[in-house]
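Text of model20.cif (mmCIF, C-alpha atoms) as supplied:
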data_my_file
#
loop_
_atom_site.label_atom_id
_atom_site.label_comp_id
_atom_site.auth_asym_id
_atom_site.auth_seq_id
_atom_site.Cartn_x
_atom_site.Cartn_y
_atom_site.Cartn_z
CA MET A 1 -20.89 12.41 -9.87
CA LYS A 2 -20.52 9.71 -7.25
CA PRO A 3 -17.37 7.54 -7.28
CA SER A 4 -18.22 4.02 -8.50
CA HIS A 5 -16.10 2.15 -5.94
CA ILE A 6 -12.93 2.21 -3.89
CA GLU A 7 -10.30 1.56 -6.55
CA HIS A 8 -7.56 0.60 -4.12
CA ILE A 9 -6.18 0.88 -0.63
CA GLY A 10 -2.45 1.44 -0.24
CA ILE A 11 -0.90 -0.08 2.88
CA ALA A 12 2.64 0.76 4.01
CA VAL A 13 4.53 -2.31 5.26
CA LYS A 14 8.12 -2.80 6.25
CA SER A 15 8.50 -6.02 4.26
CA LEU A 16 6.41 -7.45 1.43
CA LYS A 17 7.96 -10.82 2.11
CA ASP A 18 6.56 -10.80 5.65
CA ALA A 19 3.18 -9.23 4.85
CA ILE A 20 2.16 -11.15 1.68
CA PRO A 21 1.65 -14.49 3.51
CA PHE A 22 -0.78 -12.83 5.94
CA TYR A 23 -3.02 -11.63 3.11
CA GLU A 24 -2.68 -14.86 1.14
CA GLU A 25 -2.99 -17.43 3.91
CA VAL A 26 -5.09 -15.72 6.58
CA ILE A 27 -7.28 -13.27 4.63
CA GLY A 28 -7.35 -15.61 1.62
CA ILE A 29 -6.57 -13.31 -1.32
CA LYS A 30 -3.80 -14.05 -3.82
CA CYS A 31 -1.01 -11.66 -4.72
CA TYR A 32 -1.23 -11.36 -8.53
CA ALA A 33 1.70 -9.02 -9.17
CA VAL A 34 4.76 -7.50 -7.53
CA GLU A 35 6.25 -4.42 -9.17
CA GLU A 36 8.92 -1.91 -8.35
CA VAL A 37 7.95 1.73 -8.93
CA PRO A 38 11.30 3.56 -8.80
CA GLU A 39 9.82 7.08 -9.00
CA GLN A 40 7.76 6.39 -5.85
CA LYS A 41 10.64 4.51 -4.19
CA VAL A 42 8.43 1.52 -3.45
CA LYS A 43 7.96 -2.10 -4.29
CA THR A 44 4.26 -2.95 -4.55
CA ALA A 45 2.31 -6.19 -4.15
CA PHE A 46 -1.21 -6.26 -5.62
CA PHE A 47 -4.27 -8.20 -4.45
CA LYS A 48 -7.92 -7.96 -5.49
CA VAL A 49 -10.97 -8.28 -3.25
CA GLY A 50 -14.33 -7.48 -4.86
CA ASP A 51 -13.90 -4.32 -6.94
CA THR A 52 -11.03 -3.08 -4.79
CA LYS A 53 -7.31 -3.68 -5.01
CA ILE A 54 -5.08 -3.86 -1.99
CA GLU A 55 -1.60 -2.54 -2.67
CA LEU A 56 1.07 -3.33 -0.14
CA LEU A 57 3.86 -0.77 -0.33
CA GLU A 58 7.41 -1.53 0.82
CA SER A 59 9.77 1.41 0.77
CA THR A 60 13.00 1.00 -1.21
CA ASP A 61 14.48 4.19 0.29
CA PRO A 62 13.99 5.60 3.83
CA GLU A 63 13.76 9.09 2.25
CA GLY A 64 10.88 8.07 -0.05
CA PRO A 65 7.24 8.87 0.80
CA VAL A 66 6.45 5.42 2.23
CA GLY A 67 9.73 5.24 4.14
CA LYS A 68 8.95 8.58 5.78
CA PHE A 69 5.36 7.54 6.49
CA ILE A 70 6.49 4.38 8.30
CA GLU A 71 9.08 6.30 10.30
CA LYS A 72 6.44 8.80 11.44
CA LYS A 73 3.32 6.67 11.84
CA GLY A 74 4.42 3.03 11.64
CA GLU A 75 2.97 0.45 9.30
CA GLY A 76 -0.66 0.96 8.29
CA VAL A 77 -3.03 2.34 5.68
CA HIS A 78 -1.11 4.88 3.61
CA HIS A 79 -3.80 6.06 1.18
CA MET A 80 -7.28 5.36 -0.15
CA ALA A 81 -8.26 5.78 -3.81
CA PHE A 82 -11.74 6.40 -5.23
CA ALA A 83 -12.66 5.52 -8.83
CA VAL A 84 -14.26 8.65 -10.29
CA GLU A 85 -15.39 10.14 -13.58
CA GLY A 86 -14.54 13.73 -14.49
CA LEU A 87 -11.29 13.80 -12.54
CA ALA A 88 -10.13 17.23 -13.72
CA ASP A 89 -13.44 18.79 -12.63
CA LYS A 90 -13.30 16.95 -9.30
CA LEU A 91 -9.86 18.43 -8.61
CA LEU A 92 -11.08 21.91 -9.53
CA LEU A 93 -14.08 21.50 -7.24
CA ALA A 94 -11.87 20.28 -4.40
CA GLU A 95 -9.62 23.31 -4.79
CA LYS A 96 -12.62 25.66 -4.79
CA ARG A 97 -13.75 24.09 -1.52
CA GLY A 98 -10.38 24.88 0.03
CA ILE A 99 -8.87 21.38 -0.14
CA GLN A 100 -5.09 21.38 -0.43
CA LEU A 101 -4.17 19.50 -3.63
CA ILE A 102 -1.01 17.53 -4.22
CA ASP A 103 -1.93 17.36 -7.93
CA LYS A 104 -3.76 20.38 -9.32
CA THR A 105 -4.42 18.59 -12.59
CA PRO A 106 -4.59 14.86 -13.46
CA ARG A 107 -1.34 12.99 -14.03
CA LYS A 108 -0.59 9.47 -15.22
CA GLY A 109 -0.58 6.80 -12.53
CA ALA A 110 -0.20 3.02 -12.49
CA GLU A 111 -2.15 0.78 -14.88
CA GLY A 112 -2.92 3.64 -17.30
CA LEU A 113 -5.19 5.48 -14.86
CA ASN A 114 -5.27 9.25 -14.55
CA ILE A 115 -4.86 10.21 -10.93
CA GLY A 116 -4.75 13.13 -8.52
CA PHE A 117 -3.93 13.24 -4.80
CA LEU A 118 -5.55 15.40 -2.12
CA HIS A 119 -3.40 16.34 0.85
CA PRO A 120 -4.24 14.53 4.12
CA LYS A 121 -4.05 17.86 5.99
CA SER A 122 -7.33 18.85 4.43
CA THR A 123 -8.91 15.40 4.11
CA PHE A 124 -9.06 14.51 7.81
CA GLY A 125 -5.86 12.51 7.94
CA VAL A 126 -6.47 10.20 4.97
CA LEU A 127 -4.21 10.72 1.98
CA THR A 128 -6.93 10.55 -0.70
CA GLU A 129 -6.41 9.63 -4.32
CA LEU A 130 -8.93 10.09 -7.13
CA CYS A 131 -8.47 7.79 -10.15
CA GLU A 132 -10.10 7.89 -13.55
CA ASN A 133 -9.97 5.22 -16.21
CA PRO A 134 -9.50 7.18 -19.47
CA ASN A 135 -10.71 4.20 -21.54
CA LYS A 136 -14.16 4.11 -19.98
CA MET B 1 -12.56 -19.04 1.03
CA LYS B 2 -11.80 -15.64 -0.41
CA PRO B 3 -13.51 -12.57 1.11
CA SER B 4 -16.16 -11.23 -1.28
CA HIS B 5 -15.34 -7.54 -0.81
CA ILE B 6 -14.17 -4.89 1.61
CA GLU B 7 -17.21 -4.51 3.83
CA HIS B 8 -16.18 -1.19 5.31
CA ILE B 9 -13.35 1.15 6.16
CA GLY B 10 -13.43 2.86 9.54
CA ILE B 11 -11.87 6.33 9.65
CA ALA B 12 -11.14 8.14 12.91
CA VAL B 13 -12.00 11.84 12.73
CA LYS B 14 -12.08 14.54 15.36
CA SER B 15 -15.44 15.88 14.25
CA LEU B 16 -18.18 14.31 12.12
CA LYS B 17 -19.60 17.78 11.56
CA ASP B 18 -16.35 18.90 9.94
CA ALA B 19 -15.60 15.69 8.01
CA ILE B 20 -19.05 14.82 6.57
CA PRO B 21 -19.12 17.80 4.15
CA PHE B 22 -15.77 16.70 2.66
CA TYR B 23 -17.14 13.26 1.77
CA GLU B 24 -20.50 14.62 0.62
CA GLU B 25 -19.43 17.67 -1.35
CA VAL B 26 -15.93 16.83 -2.59
CA ILE B 27 -15.92 13.02 -2.88
CA GLY B 28 -19.62 13.02 -3.77
CA ILE B 29 -21.07 10.29 -1.50
CA LYS B 30 -24.06 10.89 0.76
CA CYS B 31 -24.12 10.20 4.47
CA TYR B 32 -27.11 7.89 4.96
CA ALA B 33 -27.02 7.45 8.73
CA VAL B 34 -25.43 8.83 11.88
CA GLU B 35 -25.53 6.61 14.96
CA GLU B 36 -24.05 6.68 18.43
CA VAL B 37 -22.51 3.40 19.60
CA PRO B 38 -22.10 3.92 23.36
CA GLU B 39 -20.21 0.65 23.98
CA GLN B 40 -17.53 1.74 21.48
CA LYS B 41 -17.61 5.35 22.68
CA VAL B 42 -18.09 6.65 19.17
CA LYS B 43 -20.56 8.47 17.00
CA THR B 44 -20.52 7.03 13.47
CA ALA B 45 -21.47 8.45 10.07
CA PHE B 46 -22.10 5.93 7.27
CA PHE B 47 -21.52 6.31 3.52
CA LYS B 48 -21.61 3.77 0.70
CA VAL B 49 -19.33 3.59 -2.33
CA GLY B 50 -19.66 0.50 -4.53
CA ASP B 51 -19.88 -2.53 -2.22
CA THR B 52 -17.97 -0.79 0.56
CA LYS B 53 -19.14 1.40 3.41
CA ILE B 54 -17.11 4.24 4.79
CA GLU B 55 -17.65 4.73 8.51
CA LEU B 56 -16.42 7.97 10.00
CA LEU B 57 -15.80 7.52 13.72
CA GLU B 58 -15.87 10.45 16.14
CA SER B 59 -14.86 9.61 19.67
CA THR B 60 -17.30 10.49 22.43
CA ASP B 61 -14.69 9.86 25.16
CA PRO B 62 -10.93 10.49 25.04
CA GLU B 63 -10.45 7.17 26.88
CA GLY B 64 -12.36 5.21 24.21
CA PRO B 65 -10.56 3.26 21.45
CA VAL B 66 -10.98 5.96 18.80
CA GLY B 67 -10.05 8.75 21.21
CA LYS B 68 -6.85 6.93 22.09
CA PHE B 69 -6.10 6.18 18.44
CA ILE B 70 -6.39 9.86 17.49
CA GLU B 71 -4.22 10.93 20.40
CA LYS B 72 -1.50 8.48 19.35
CA LYS B 73 -1.68 8.55 15.55
CA GLY B 74 -3.88 11.48 14.61
CA GLU B 75 -6.90 11.28 12.34
CA GLY B 76 -6.83 8.58 9.66
CA VAL B 77 -7.88 5.06 8.75
CA HIS B 78 -8.69 3.21 11.96
CA HIS B 79 -9.63 -0.24 10.64
CA MET B 80 -10.47 -2.22 7.52
CA ALA B 81 -13.16 -4.93 7.40
CA PHE B 82 -13.39 -7.86 4.99
CA ALA B 83 -16.70 -9.61 4.23
CA VAL B 84 -16.04 -13.33 4.71
CA GLU B 85 -17.85 -16.63 4.99
CA GLY B 86 -16.95 -19.14 7.69
CA LEU B 87 -15.87 -16.52 10.20
CA ALA B 88 -15.35 -18.89 13.14
CA ASP B 89 -13.02 -21.05 11.02
CA LYS B 90 -11.18 -18.00 9.74
CA LEU B 91 -10.48 -16.89 13.32
CA LEU B 92 -9.26 -20.38 14.24
CA LEU B 93 -6.99 -20.42 11.19
CA ALA B 94 -5.62 -16.97 12.03
CA GLU B 95 -4.84 -18.10 15.56
CA LYS B 96 -3.08 -21.23 14.27
CA ARG B 97 -0.90 -19.02 12.06
CA GLY B 98 0.17 -17.03 15.11
CA ILE B 99 -2.03 -13.99 14.57
CA GLN B 100 -2.99 -12.21 17.79
CA LEU B 101 -6.78 -12.13 17.99
CA ILE B 102 -8.87 -9.48 19.70
CA ASP B 103 -11.90 -11.77 19.35
CA LYS B 104 -11.21 -15.50 19.57
CA THR B 105 -14.75 -16.31 18.49
CA PRO B 106 -17.34 -14.31 16.52
CA ARG B 107 -19.36 -11.69 18.35
CA LYS B 108 -22.30 -9.52 17.29
CA GLY B 109 -21.39 -6.28 15.54
CA ALA B 110 -23.34 -3.48 13.89
CA GLU B 111 -26.13 -4.19 11.39
CA GLY B 112 -26.57 -7.79 12.56
CA LEU B 113 -23.18 -8.93 11.29
CA ASN B 114 -20.99 -11.40 13.15
CA ILE B 115 -17.52 -9.95 13.53
CA GLY B 116 -14.03 -10.64 14.83
CA PHE B 117 -11.01 -8.35 15.08
CA LEU B 118 -7.35 -9.24 14.49
CA HIS B 119 -4.76 -7.23 16.41
CA PRO B 120 -2.77 -4.70 14.33
CA LYS B 121 0.45 -5.88 15.99
CA SER B 122 0.25 -9.06 13.95
CA THR B 123 -1.48 -7.67 10.86
CA PHE B 124 1.20 -5.22 9.77
CA GLY B 125 -0.29 -2.15 11.39
CA VAL B 126 -3.84 -2.44 10.06
CA LEU B 127 -6.53 -3.22 12.63
CA THR B 128 -8.36 -5.88 10.60
CA GLU B 129 -11.97 -6.89 11.04
CA LEU B 130 -13.63 -9.96 9.54
CA CYS B 131 -17.44 -9.73 9.11
CA GLU B 132 -19.93 -12.41 8.25
CA ASN B 133 -23.55 -11.91 7.33
CA PRO B 134 -25.39 -14.71 9.16
CA ASN B 135 -28.42 -14.35 6.85
CA LYS B 136 -26.51 -15.23 3.70
#
Go ahead and render the structure in this file as structure tokens.
Amino acid sequence: MKPSHIEHIGIAVKSLKDAIPFYEEVIGIKCYAVEEVPEQKVKTAFFKVGDTKIELLESTDPEGPVGKFIEKKGEGVHHMAFAVEGLADKLLLAEKRGIQLIDKTPRKGAEGLNIGFLHPKSTFGVLTELCENPNK
Amino acid sequence: MKPSHIEHIGIAVKSLKDAIPFYEEVIGIKCYAVEEVPEQKVKTAFFKVGDTKIELLESTDPEGPVGKFIEKKGEGVHHMAFAVEGLADKLLLAEKRGIQLIDKTPRKGAEGLNIGFLHPKSTFGVLTELCENPNK
């Protein structure tokens, strides 16, 4: 089954306060929520463009995943998420094809979605997330 | 004016031959075209998911922009493009806000679109493209 759309793009930034005005005033999309996600050690700002959300990610801890990403690679796109159906089967299929999984089975993510991450080592450098809406 | 959607995401890969099967067989989207773009020193594979295209970019020359990107940062998301209206005005506005422009005025891009790039130094690490369909 084909993914329906790109659910979101996660972008690592050093400072939400600095980056939000660029997206609001230059790109022209409004930030509709800012949330802290302590377990991911990030503060997130959400925008919507078409079917896709942009999530700016500011690290709250240099040892967290986004803090480490910025130290290694600098600011930039951190991950890309596809909206899929049949997430558990997709993860099984990926594993069968030799893809290194971060999540072998679906887990709960933001906004009630079930999610699973594929490791960028086997997805050509792009940390790839698959998301399923369980209420669809 | 708000962008209508993310027009495409450009992803730098070392080898189209290696990366295409991941997107086709694991993500589940079909490559519908492969084209060489000599002026950009890349070979590109196109996919569509929802309103957004994914463009895999394989460098044909280590001195080209994608070759240099991969040498510096490794494989990964190379740029993100928003579909906008009023591109020339958007570029003027960006410049007024202090954004460093790669293209000060629109130029012709792939598929008949008018395009302009903003420099990642002033867009928080994401090479950002604005695209306008002149036939809309």
*asked:* At a cut-off of 10 Å around the point (-15.9, 0.8, -15.4) (file coordinates), what residues fall inside when counting all atoms listed in the file? I'd like the answer as a PyMOL selection string.
replied: chain A and resi 4-5+83-85+132-136
_Please report the interatomic distance between atom CA of B:Leu130 and atom CA of B:Pro21 in Å with one decimal._
28.8 Å
*Quick one: residues within 9 Å of A:Leu118, all atoms listed in the file counted, chain neighbours fewer than 5 positions away excluded, as a VMD selection string?*
chain A and resid 91 94 99 to 104 123 126 to 130
Interface rows for chain B against chain A: nearest pair, Å to one decimal, 8 Å, only C-alpha atoms, as JSON lines:
{"residue": "B:Met1", "atom": "CA", "partner": "A:Gly28", "partner_atom": "CA", "distance": 6.3}
{"residue": "B:Lys2", "atom": "CA", "partner": "A:Gly28", "partner_atom": "CA", "distance": 4.9}
{"residue": "B:Pro3", "atom": "CA", "partner": "A:Val49", "partner_atom": "CA", "distance": 6.6}
{"residue": "B:Ser4", "atom": "CA", "partner": "A:Gly50", "partner_atom": "CA", "distance": 5.5}
{"residue": "B:His5", "atom": "CA", "partner": "A:Gly50", "partner_atom": "CA", "distance": 4.2}
{"residue": "B:Ile6", "atom": "CA", "partner": "A:Val49", "partner_atom": "CA", "distance": 6.7}
{"residue": "B:Val13", "atom": "CA", "partner": "A:Phe124", "partner_atom": "CA", "distance": 6.3}
{"residue": "B:Ala19", "atom": "CA", "partner": "A:Phe124", "partner_atom": "CA", "distance": 6.6}
{"residue": "B:Phe22", "atom": "CA", "partner": "A:Thr123", "partner_atom": "CA", "distance": 7.1}
{"residue": "B:Val26", "atom": "CA", "partner": "A:Ala94", "partner_atom": "CA", "distance": 5.6}
{"residue": "B:Ile27", "atom": "CA", "partner": "A:Lys2", "partner_atom": "CA", "distance": 7.2}
{"residue": "B:Gly28", "atom": "CA", "partner": "A:Lys2", "partner_atom": "CA", "distance": 4.9}
{"residue": "B:Ile29", "atom": "CA", "partner": "A:Lys2", "partner_atom": "CA", "distance": 5.8}
{"residue": "B:Val49", "atom": "CA", "partner": "A:His5", "partner_atom": "CA", "distance": 5.1}
{"residue": "B:Gly50", "atom": "CA", "partner": "A:His5", "partner_atom": "CA", "distance": 4.2}
{"residue": "B:Asp51", "atom": "CA", "partner": "A:His5", "partner_atom": "CA", "distance": 7.1}
{"residue": "B:Thr52", "atom": "CA", "partner": "A:Ile6", "partner_atom": "CA", "distance": 7.4}
{"residue": "B:Lys73", "atom": "CA", "partner": "A:Lys73", "partner_atom": "CA", "distance": 6.5}
{"residue": "B:Gly74", "atom": "CA", "partner": "A:Gly125", "partner_atom": "CA", "distance": 7.0}
{"residue": "B:Glu75", "atom": "CA", "partner": "A:Gly125", "partner_atom": "CA", "distance": 4.7}
{"residue": "B:Gly76", "atom": "CA", "partner": "A:Gly125", "partner_atom": "CA", "distance": 4.4}
{"residue": "B:Val77", "atom": "CA", "partner": "A:Val77", "partner_atom": "CA", "distance": 6.4}
{"residue": "B:Lys90", "atom": "CA", "partner": "A:Val26", "partner_atom": "CA", "distance": 7.2}
{"residue": "B:Leu93", "atom": "CA", "partner": "A:Val26", "partner_atom": "CA", "distance": 6.9}
{"residue": "B:Ala94", "atom": "CA", "partner": "A:Val26", "partner_atom": "CA", "distance": 5.6}
{"residue": "B:Arg97", "atom": "CA", "partner": "A:Val26", "partner_atom": "CA", "distance": 7.6}
{"residue": "B:Thr123", "atom": "CA", "partner": "A:Phe22", "partner_atom": "CA", "distance": 7.2}
{"residue": "B:Phe124", "atom": "CA", "partner": "A:Glu75", "partner_atom": "CA", "distance": 6.0}
{"residue": "B:Gly125", "atom": "CA", "partner": "A:Gly76", "partner_atom": "CA", "distance": 4.4}
{"residue": "B:Val126", "atom": "CA", "partner": "A:Gly76", "partner_atom": "CA", "distance": 5.0}
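Residue nearest B:Gly112 within the list B:Thr44, B:Cys131, B:Ala33, B:Gly98: B:Cys131 [criterion: smallest interatomic distance, only C-alpha atoms].
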Taking all atoms of stretch 82-96 of chain A that the file lists, what box with edges along x, y and z, padded by 4 Å per side, do you get, with centre and edge lengths in Å to one decimal, as JSON?
{"center_x": -12.5, "center_y": 15.6, "center_z": -9.4, "size_x": 13.8, "size_y": 28.1, "size_z": 18.1}
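The closest residue to A:Ile20, picked from A:Ala110, A:Ile115, A:Asp89, A:Glu55 and counting only C-alpha atoms, is A:Glu55.
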*asked:* I need the residue nearest A:Gly64 from this list: A:Phe117, A:Glu39, A:Gly86, A:Val34. Use all atoms listed in the file for the distance.
replied: A:Glu39
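Here atom CA of B:Asn114 and atom CA of B:Glu63 stand 25.4 Å from one another.
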*Distance atom CA of A:Lys108-atom CA of B:Leu56, one decimal place?*
29.8 Å
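Of the residues listed (B:Cys31, B:Leu16, B:Leu87, B:Ala81), B:Leu16 shows the shortest atom-to-atom separation from B:Thr60; distances use only C-alpha atoms.
Using all atoms listed in the file, the smallest distance between any of B:Gln40, B:Glu35, B:Ala45, B:Gly116 and B:Gly67 comes from B:Gln40.
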_Give me, as an MDAnalysis selection string, all polymer residues having an atom no more than 8 Å from A:Val66, counting all atoms listed in the file and skipping those fewer than 6 positions away in the same chain._
chainID A and resid 12 41:42 57:59 78
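Of the listed residues (B:His119, B:Glu71, B:Asp61, B:His8), B:Asp61 comes nearest to B:Glu36; the distances count only C-alpha atoms.
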